[in-house]
file my_file.txt (compact mmCIF, N, CA and C atoms)
# COMPACT_ATOMS: atom_id res chain seq x y z
N MET S 1 110.66 149.06 76.23
CA MET S 1 109.47 148.28 76.44
C MET S 1 109.72 146.80 76.13
N ALA S 2 110.43 146.53 75.04
CA ALA S 2 110.71 145.15 74.64
C ALA S 2 111.57 144.46 75.68
N LEU S 3 112.52 145.16 76.26
CA LEU S 3 113.39 144.59 77.27
C LEU S 3 112.59 144.23 78.53
N ALA S 4 111.69 145.10 78.93
CA ALA S 4 110.84 144.83 80.10
C ALA S 4 109.96 143.61 79.85
N ARG S 5 109.46 143.51 78.64
CA ARG S 5 108.61 142.35 78.30
C ARG S 5 109.41 141.05 78.33
N ARG S 6 110.62 141.08 77.80
CA ARG S 6 111.49 139.89 77.83
C ARG S 6 111.79 139.48 79.27
N LYS S 7 112.09 140.44 80.11
CA LYS S 7 112.38 140.14 81.52
C LYS S 7 111.16 139.51 82.19
N PHE S 8 109.98 140.08 81.90
CA PHE S 8 108.75 139.52 82.47
C PHE S 8 108.53 138.09 81.99
N CYS S 9 108.72 137.86 80.70
CA CYS S 9 108.55 136.50 80.15
C CYS S 9 109.56 135.53 80.76
N MET S 10 110.78 135.99 80.92
CA MET S 10 111.83 135.14 81.49
C MET S 10 111.50 134.79 82.95
N LYS S 11 111.06 135.77 83.73
CA LYS S 11 110.68 135.53 85.12
C LYS S 11 109.50 134.56 85.20
N THR S 12 108.54 134.75 84.31
CA THR S 12 107.37 133.87 84.29
C THR S 12 107.80 132.44 83.95
N LEU S 13 108.65 132.29 82.96
CA LEU S 13 109.13 130.97 82.56
C LEU S 13 109.90 130.30 83.70
N LEU S 14 110.78 131.03 84.34
CA LEU S 14 111.55 130.48 85.46
C LEU S 14 110.64 130.09 86.62
N THR S 15 109.62 130.87 86.88
CA THR S 15 108.66 130.55 87.94
C THR S 15 107.91 129.27 87.62
N LEU S 16 107.49 129.11 86.39
CA LEU S 16 106.79 127.89 85.97
C LEU S 16 107.69 126.65 86.08
N ILE S 17 108.93 126.80 85.69
CA ILE S 17 109.89 125.69 85.81
C ILE S 17 110.09 125.32 87.27
N ALA S 18 110.25 126.32 88.13
CA ALA S 18 110.43 126.07 89.56
C ALA S 18 109.22 125.35 90.14
N LEU S 19 108.03 125.78 89.77
CA LEU S 19 106.81 125.12 90.26
C LEU S 19 106.73 123.68 89.79
N ALA S 20 107.10 123.42 88.56
CA ALA S 20 107.08 122.05 88.03
C ALA S 20 108.08 121.17 88.78
N LEU S 21 109.25 121.73 89.05
CA LEU S 21 110.26 120.96 89.80
C LEU S 21 109.79 120.67 91.21
N CYS S 22 109.15 121.62 91.86
CA CYS S 22 108.63 121.41 93.21
C CYS S 22 107.59 120.30 93.23
N ALA S 23 106.69 120.30 92.26
CA ALA S 23 105.66 119.27 92.18
C ALA S 23 106.29 117.90 91.97
N THR S 24 107.32 117.82 91.15
CA THR S 24 108.02 116.56 90.92
C THR S 24 108.69 116.07 92.20
N CYS S 25 109.32 116.99 92.94
CA CYS S 25 109.97 116.62 94.20
C CYS S 25 108.97 116.10 95.23
N VAL S 26 107.81 116.72 95.30
CA VAL S 26 106.78 116.27 96.24
C VAL S 26 106.32 114.86 95.88
N ARG S 27 106.08 114.60 94.60
CA ARG S 27 105.67 113.26 94.17
C ARG S 27 106.75 112.24 94.47
N ALA S 28 108.02 112.58 94.25
CA ALA S 28 109.12 111.66 94.53
C ALA S 28 109.22 111.37 96.02
N ALA S 29 109.02 112.39 96.85
CA ALA S 29 109.08 112.20 98.31
C ALA S 29 107.95 111.29 98.77
N GLU S 30 106.77 111.48 98.21
CA GLU S 30 105.64 110.62 98.59
C GLU S 30 105.92 109.18 98.18
N GLY S 31 106.47 108.98 96.97
CA GLY S 31 106.81 107.64 96.51
C GLY S 31 107.90 107.01 97.36
N THR S 32 108.84 107.83 97.79
CA THR S 32 109.92 107.34 98.64
C THR S 32 109.38 106.84 99.97
N GLN S 33 108.50 107.60 100.59
CA GLN S 33 107.94 107.18 101.88
C GLN S 33 107.09 105.92 101.71
N GLU S 34 106.38 105.81 100.62
CA GLU S 34 105.60 104.59 100.36
C GLU S 34 106.51 103.39 100.24
N ARG S 35 107.66 103.55 99.57
CA ARG S 35 108.61 102.44 99.42
C ARG S 35 109.20 102.05 100.77
N ILE S 36 109.55 103.03 101.60
CA ILE S 36 110.08 102.75 102.93
C ILE S 36 109.03 102.00 103.75
N ASP S 37 107.80 102.46 103.72
CA ASP S 37 106.73 101.80 104.47
C ASP S 37 106.53 100.37 103.99
N SER S 38 106.62 100.16 102.69
CA SER S 38 106.45 98.82 102.12
C SER S 38 107.57 97.88 102.58
N ILE S 39 108.80 98.36 102.53
CA ILE S 39 109.94 97.55 102.97
C ILE S 39 109.76 97.18 104.43
N GLN S 40 109.47 98.17 105.27
CA GLN S 40 109.37 97.91 106.70
C GLN S 40 108.19 97.01 107.04
N ALA S 41 107.08 97.15 106.35
CA ALA S 41 105.93 96.28 106.61
C ALA S 41 106.26 94.84 106.24
N THR S 42 106.94 94.65 105.13
CA THR S 42 107.34 93.30 104.70
C THR S 42 108.27 92.66 105.73
N VAL S 43 109.24 93.43 106.19
CA VAL S 43 110.21 92.91 107.16
C VAL S 43 109.52 92.60 108.49
N ARG S 44 108.68 93.48 108.96
CA ARG S 44 108.00 93.27 110.25
C ARG S 44 107.12 92.02 110.21
N THR S 45 106.38 91.84 109.12
CA THR S 45 105.53 90.66 108.98
C THR S 45 106.36 89.39 109.00
N ALA S 46 107.45 89.40 108.26
CA ALA S 46 108.33 88.22 108.22
C ALA S 46 109.00 87.98 109.57
N PHE S 47 109.39 89.05 110.25
CA PHE S 47 110.06 88.91 111.55
C PHE S 47 109.13 88.31 112.59
N VAL S 48 107.89 88.80 112.63
CA VAL S 48 106.91 88.28 113.59
C VAL S 48 106.63 86.80 113.31
N ALA S 49 106.57 86.45 112.03
CA ALA S 49 106.31 85.05 111.64
C ALA S 49 107.57 84.19 111.69
N LYS S 50 108.69 84.79 112.04
CA LYS S 50 109.99 84.12 112.10
C LYS S 50 110.39 83.50 110.76
N ARG S 51 110.03 84.21 109.71
CA ARG S 51 110.46 83.83 108.35
C ARG S 51 111.74 84.61 108.04
N PHE S 52 112.78 84.23 108.73
CA PHE S 52 114.04 84.96 108.65
C PHE S 52 114.68 84.87 107.27
N ASP S 53 114.49 83.73 106.59
CA ASP S 53 115.05 83.59 105.24
C ASP S 53 114.46 84.62 104.28
N ALA S 54 113.19 84.96 104.46
CA ALA S 54 112.56 85.96 103.60
C ALA S 54 113.23 87.32 103.78
N ILE S 55 113.55 87.65 105.01
CA ILE S 55 114.24 88.93 105.27
C ILE S 55 115.64 88.89 104.69
N ASN S 56 116.33 87.78 104.89
CA ASN S 56 117.68 87.63 104.34
C ASN S 56 117.66 87.75 102.82
N ASP S 57 116.66 87.13 102.18
CA ASP S 57 116.56 87.18 100.72
C ASP S 57 116.32 88.62 100.24
N LEU S 58 115.40 89.31 100.91
CA LEU S 58 115.11 90.70 100.55
C LEU S 58 116.37 91.56 100.67
N ALA S 59 117.06 91.44 101.78
CA ALA S 59 118.28 92.23 101.99
C ALA S 59 119.36 91.83 100.98
N GLY S 60 119.46 90.55 100.69
CA GLY S 60 120.44 90.08 99.71
C GLY S 60 120.18 90.66 98.33
N GLN S 61 118.92 90.72 97.93
CA GLN S 61 118.56 91.33 96.65
C GLN S 61 118.94 92.80 96.64
N MET S 62 118.68 93.47 97.74
CA MET S 62 119.01 94.90 97.82
C MET S 62 120.51 95.12 97.72
N ARG S 63 121.28 94.25 98.37
CA ARG S 63 122.74 94.39 98.29
C ARG S 63 123.22 94.11 96.87
N GLN S 64 122.69 93.05 96.26
CA GLN S 64 123.13 92.68 94.92
C GLN S 64 122.76 93.74 93.89
N GLN S 65 121.55 94.27 94.00
CA GLN S 65 121.08 95.27 93.03
C GLN S 65 121.49 96.69 93.40
N ARG S 66 122.06 96.83 94.60
CA ARG S 66 122.45 98.16 95.10
C ARG S 66 121.26 99.11 95.06
N SER S 67 120.14 98.63 95.61
CA SER S 67 118.87 99.34 95.54
C SER S 67 118.91 100.65 96.32
N ARG S 68 118.42 101.68 95.66
CA ARG S 68 118.32 103.01 96.27
C ARG S 68 116.89 103.52 96.14
N LEU S 69 116.55 104.40 97.05
CA LEU S 69 115.26 105.07 96.98
C LEU S 69 115.35 106.20 95.96
N ALA S 70 114.21 106.79 95.63
CA ALA S 70 114.17 107.87 94.65
C ALA S 70 115.03 109.07 95.07
N ASP S 71 115.19 109.25 96.40
CA ASP S 71 115.99 110.38 96.88
C ASP S 71 117.48 110.05 97.01
N GLY S 72 117.86 108.83 96.61
CA GLY S 72 119.27 108.45 96.59
C GLY S 72 119.74 107.64 97.78
N ARG S 73 118.95 107.56 98.84
CA ARG S 73 119.35 106.77 100.01
C ARG S 73 119.28 105.29 99.69
N TRP S 74 120.15 104.51 100.36
CA TRP S 74 120.11 103.07 100.22
C TRP S 74 118.84 102.52 100.86
N GLU S 75 118.29 101.44 100.29
CA GLU S 75 117.09 100.81 100.85
C GLU S 75 117.44 99.89 102.02
N LEU S 76 118.61 99.28 102.01
CA LEU S 76 118.98 98.28 103.01
C LEU S 76 118.83 98.73 104.46
N PRO S 77 119.21 99.94 104.84
CA PRO S 77 119.04 100.33 106.25
C PRO S 77 117.60 100.27 106.74
N PHE S 78 116.64 100.36 105.84
CA PHE S 78 115.25 100.30 106.25
C PHE S 78 114.81 98.87 106.54
N VAL S 79 115.58 97.89 106.07
CA VAL S 79 115.33 96.49 106.43
C VAL S 79 115.72 96.29 107.89
N THR S 80 116.92 96.71 108.23
CA THR S 80 117.41 96.45 109.59
C THR S 80 116.74 97.35 110.63
N SER S 81 116.40 98.56 110.26
CA SER S 81 115.76 99.44 111.23
C SER S 81 114.30 99.07 111.49
N ALA S 82 113.71 98.28 110.60
CA ALA S 82 112.31 97.86 110.78
C ALA S 82 112.15 96.96 111.99
N ILE S 83 113.22 96.35 112.43
CA ILE S 83 113.17 95.39 113.54
C ILE S 83 112.87 96.08 114.87
N GLU S 84 113.17 97.34 114.99
CA GLU S 84 113.01 98.02 116.28
C GLU S 84 111.66 98.73 116.44
N TRP S 85 110.70 98.41 115.58
CA TRP S 85 109.38 99.06 115.67
C TRP S 85 108.63 98.64 116.92
N GLY S 86 107.77 99.51 117.39
CA GLY S 86 106.81 99.18 118.44
C GLY S 86 107.37 98.94 119.82
N LEU S 87 108.61 99.24 120.05
CA LEU S 87 109.19 99.04 121.37
C LEU S 87 108.91 100.26 122.24
N PRO S 88 108.32 100.07 123.40
CA PRO S 88 108.06 101.22 124.27
C PRO S 88 109.36 101.79 124.82
N SER S 89 109.37 103.07 125.05
CA SER S 89 110.57 103.72 125.58
C SER S 89 110.91 103.19 126.97
N HIS S 90 112.17 102.99 127.18
CA HIS S 90 112.73 102.61 128.48
C HIS S 90 112.13 101.30 129.03
N ASP S 91 111.83 100.36 128.15
CA ASP S 91 111.29 99.07 128.55
C ASP S 91 112.34 98.00 128.26
N SER S 92 113.18 97.77 129.24
CA SER S 92 114.30 96.85 129.09
C SER S 92 113.84 95.44 128.75
N ALA S 93 112.74 95.00 129.33
CA ALA S 93 112.24 93.64 129.07
C ALA S 93 111.84 93.49 127.60
N ALA S 94 111.20 94.52 127.05
CA ALA S 94 110.80 94.47 125.64
C ALA S 94 112.03 94.43 124.73
N TRP S 95 113.02 95.24 125.06
CA TRP S 95 114.25 95.23 124.27
C TRP S 95 114.93 93.87 124.36
N GLN S 96 115.00 93.30 125.55
CA GLN S 96 115.65 91.99 125.71
C GLN S 96 114.92 90.92 124.91
N ALA S 97 113.59 90.97 124.88
CA ALA S 97 112.82 90.00 124.10
C ALA S 97 113.11 90.17 122.61
N ARG S 98 113.18 91.41 122.15
CA ARG S 98 113.46 91.66 120.73
C ARG S 98 114.88 91.20 120.38
N LEU S 99 115.84 91.48 121.25
CA LEU S 99 117.21 91.04 121.00
C LEU S 99 117.32 89.52 121.01
N ALA S 100 116.53 88.88 121.87
CA ALA S 100 116.52 87.41 121.90
C ALA S 100 116.00 86.85 120.58
N GLN S 101 114.99 87.49 120.00
CA GLN S 101 114.47 87.01 118.72
C GLN S 101 115.50 87.24 117.61
N ILE S 102 116.24 88.33 117.69
CA ILE S 102 117.31 88.55 116.71
C ILE S 102 118.39 87.49 116.88
N ASP S 103 118.70 87.13 118.12
CA ASP S 103 119.68 86.06 118.36
C ASP S 103 119.19 84.73 117.78
N GLU S 104 117.89 84.48 117.85
CA GLU S 104 117.30 83.28 117.24
C GLU S 104 117.50 83.33 115.72
N TRP S 105 117.31 84.49 115.15
CA TRP S 105 117.52 84.70 113.71
C TRP S 105 118.98 84.41 113.35
N ILE S 106 119.90 84.91 114.16
CA ILE S 106 121.32 84.66 113.92
C ILE S 106 121.62 83.16 114.00
N ALA S 107 121.05 82.50 115.00
CA ALA S 107 121.29 81.06 115.16
C ALA S 107 120.76 80.26 113.97
N LYS S 108 119.65 80.70 113.39
CA LYS S 108 119.06 79.97 112.26
C LYS S 108 119.79 80.25 110.95
N THR S 109 120.37 81.43 110.81
CA THR S 109 121.07 81.78 109.56
C THR S 109 122.41 82.44 109.89
N PRO S 110 123.32 81.68 110.50
CA PRO S 110 124.57 82.29 110.97
C PRO S 110 125.50 82.79 109.87
N ARG S 111 125.33 82.34 108.65
CA ARG S 111 126.23 82.75 107.57
C ARG S 111 125.75 84.00 106.83
N ASP S 112 124.56 84.45 107.16
CA ASP S 112 124.03 85.65 106.51
C ASP S 112 124.36 86.88 107.35
N SER S 113 124.71 87.96 106.69
CA SER S 113 125.09 89.18 107.42
C SER S 113 123.91 89.99 107.92
N THR S 114 122.74 89.80 107.33
CA THR S 114 121.58 90.63 107.67
C THR S 114 121.21 90.61 109.15
N PRO S 115 121.12 89.42 109.80
CA PRO S 115 120.74 89.47 111.21
C PRO S 115 121.79 90.15 112.09
N TYR S 116 123.03 90.08 111.70
CA TYR S 116 124.08 90.76 112.46
C TYR S 116 123.93 92.29 112.31
N LEU S 117 123.60 92.74 111.09
CA LEU S 117 123.36 94.16 110.88
C LEU S 117 122.13 94.62 111.67
N ALA S 118 121.10 93.77 111.68
CA ALA S 118 119.88 94.11 112.44
C ALA S 118 120.19 94.19 113.93
N LYS S 119 121.03 93.30 114.42
CA LYS S 119 121.36 93.33 115.85
C LYS S 119 122.16 94.59 116.18
N ALA S 120 123.10 94.94 115.31
CA ALA S 120 123.89 96.16 115.54
C ALA S 120 122.98 97.39 115.54
N THR S 121 122.05 97.43 114.62
CA THR S 121 121.10 98.55 114.55
C THR S 121 120.23 98.59 115.80
N ALA S 122 119.75 97.42 116.22
CA ALA S 122 118.88 97.35 117.41
C ALA S 122 119.65 97.73 118.67
N LEU S 123 120.88 97.27 118.79
CA LEU S 123 121.68 97.62 119.97
C LEU S 123 121.97 99.12 120.04
N THR S 124 122.19 99.73 118.89
CA THR S 124 122.41 101.16 118.86
C THR S 124 121.15 101.90 119.29
N ALA S 125 120.00 101.46 118.77
CA ALA S 125 118.74 102.08 119.17
C ALA S 125 118.45 101.87 120.66
N TYR S 126 118.78 100.68 121.14
CA TYR S 126 118.59 100.36 122.57
C TYR S 126 119.46 101.27 123.43
N ALA S 127 120.69 101.49 122.99
CA ALA S 127 121.59 102.39 123.73
C ALA S 127 121.03 103.82 123.74
N TRP S 128 120.50 104.29 122.64
CA TRP S 128 119.92 105.62 122.59
C TRP S 128 118.68 105.68 123.46
N ASP S 129 117.91 104.59 123.51
CA ASP S 129 116.73 104.56 124.35
C ASP S 129 117.11 104.64 125.84
N ALA S 130 118.22 104.01 126.18
CA ALA S 130 118.67 104.03 127.56
C ALA S 130 119.13 105.42 127.94
call {"tool": "encode", "arguments": {"input": "my_file.txt", "output": "structure tokens"}}
result
Amino acid sequence: MALARRKFCMKTLLTLIALALCATCVRAAEGTQERIDSIQATVRTAFVAKRFDAINDLAGQMRQQRSRLADGRWELPFVTSAIEWGLPSHDSAAWQARLAQIDEWIAKTPRDSTPYLAKATALTAYAWDA
């Protein structure tokens, strides 16, 4: 009887621990998505306003601090991928306009790596769209 009770208590304890871990994972995932959304909204606002230095500064801080999300992914790719938002599928003119704005960014800050990374990301997405 005592052995059965111990097994029951152990199973109950393990179940409670598993449930607590699941709840923690869900909260971390929600926080991660909020951080991604925040990064991308900041970048999109700056990109539309042509405040390229603000994007470069944000990306530079992320590189220097080696910023990661709660799930371990790097934050920097979400800066460069934010540039390709809102483009309709198979719309070459829209892609060309977006690439032209990235080229303007490169021309204004040619010594910063961020616009080059954004262009590479955008060209890859454009190729997949094609």
call {"tool": "atom_distance", "arguments": {"input": "my_file.txt", "atom1": "atom C of Ile102 (chain S)", "atom2": "CA of Lys119 (chain S)"}}
result
6.6 Å
call {"tool": "atom_distance", "arguments": {"input": "my_file.txt", "atom1": "atom N of Ala97 (chain S)", "atom2": "atom C of Ala46 (chain S)"}}
result
16.3 Å
call {"tool": "closest_residue", "arguments": {"input": "my_file.txt", "among": "S:Arg35, S:Lys50, S:Arg6, S:Lys11", "to": "Gln101 (chain S)", "atoms": "only C-alpha atoms"}}
result
S:Lys50
call {"tool": "atom_distance", "arguments": {"input": "my_file.txt", "atom1": "atom C of Gly86 (chain S)", "atom2": "CA of Asp37 (chain S)"}}
result
15.6 Å
call {"tool": "closest_residue", "arguments": {"input": "my_file.txt", "among": "S:Ala94, S:Ala127, S:Ala100, S:Leu76", "to": "Gln64 (chain S)", "atoms": "only C-alpha atoms"}}
result
S:Leu76
call {"tool": "closest_residue", "arguments": {"input": "my_file.txt", "among": "S:Trp95, S:Phe78, S:Phe52, S:Tyr116", "to": "Ile36 (chain S)", "atoms": "all atoms listed in the file"}}
result
S:Phe78
call {"tool": "closest_residue", "arguments": {"input": "my_file.txt", "among": "S:Thr32, S:Lys108, S:Leu69, S:Ile83", "to": "Arg44 (chain S)", "atoms": "only N, CA and C atoms"}}
result
S:Ile83
call {"tool": "closest_residue", "arguments": {"input": "my_file.txt", "among": "S:Arg73, S:Val79, S:Gly31, S:Arg98", "to": "Leu58 (chain S)", "atoms": "all atoms listed in the file"}}
result
S:Val79
call {"tool": "select_by_dssp", "arguments": {"input": "my_file.txt", "residues": "region 52-92 of chain S", "states": "alpha helix (DSSP H)", "output": "MDAnalysis selection string"}}
result
chainID S and resid 52:65 76:81 92
call {"tool": "closest_residue", "arguments": {"input": "my_file.txt", "among": "S:Ile39, S:Ala107, S:Ala118, S:Leu99", "to": "Glu75 (chain S)", "atoms": "all atoms listed in the file"}}
result
S:Ile39
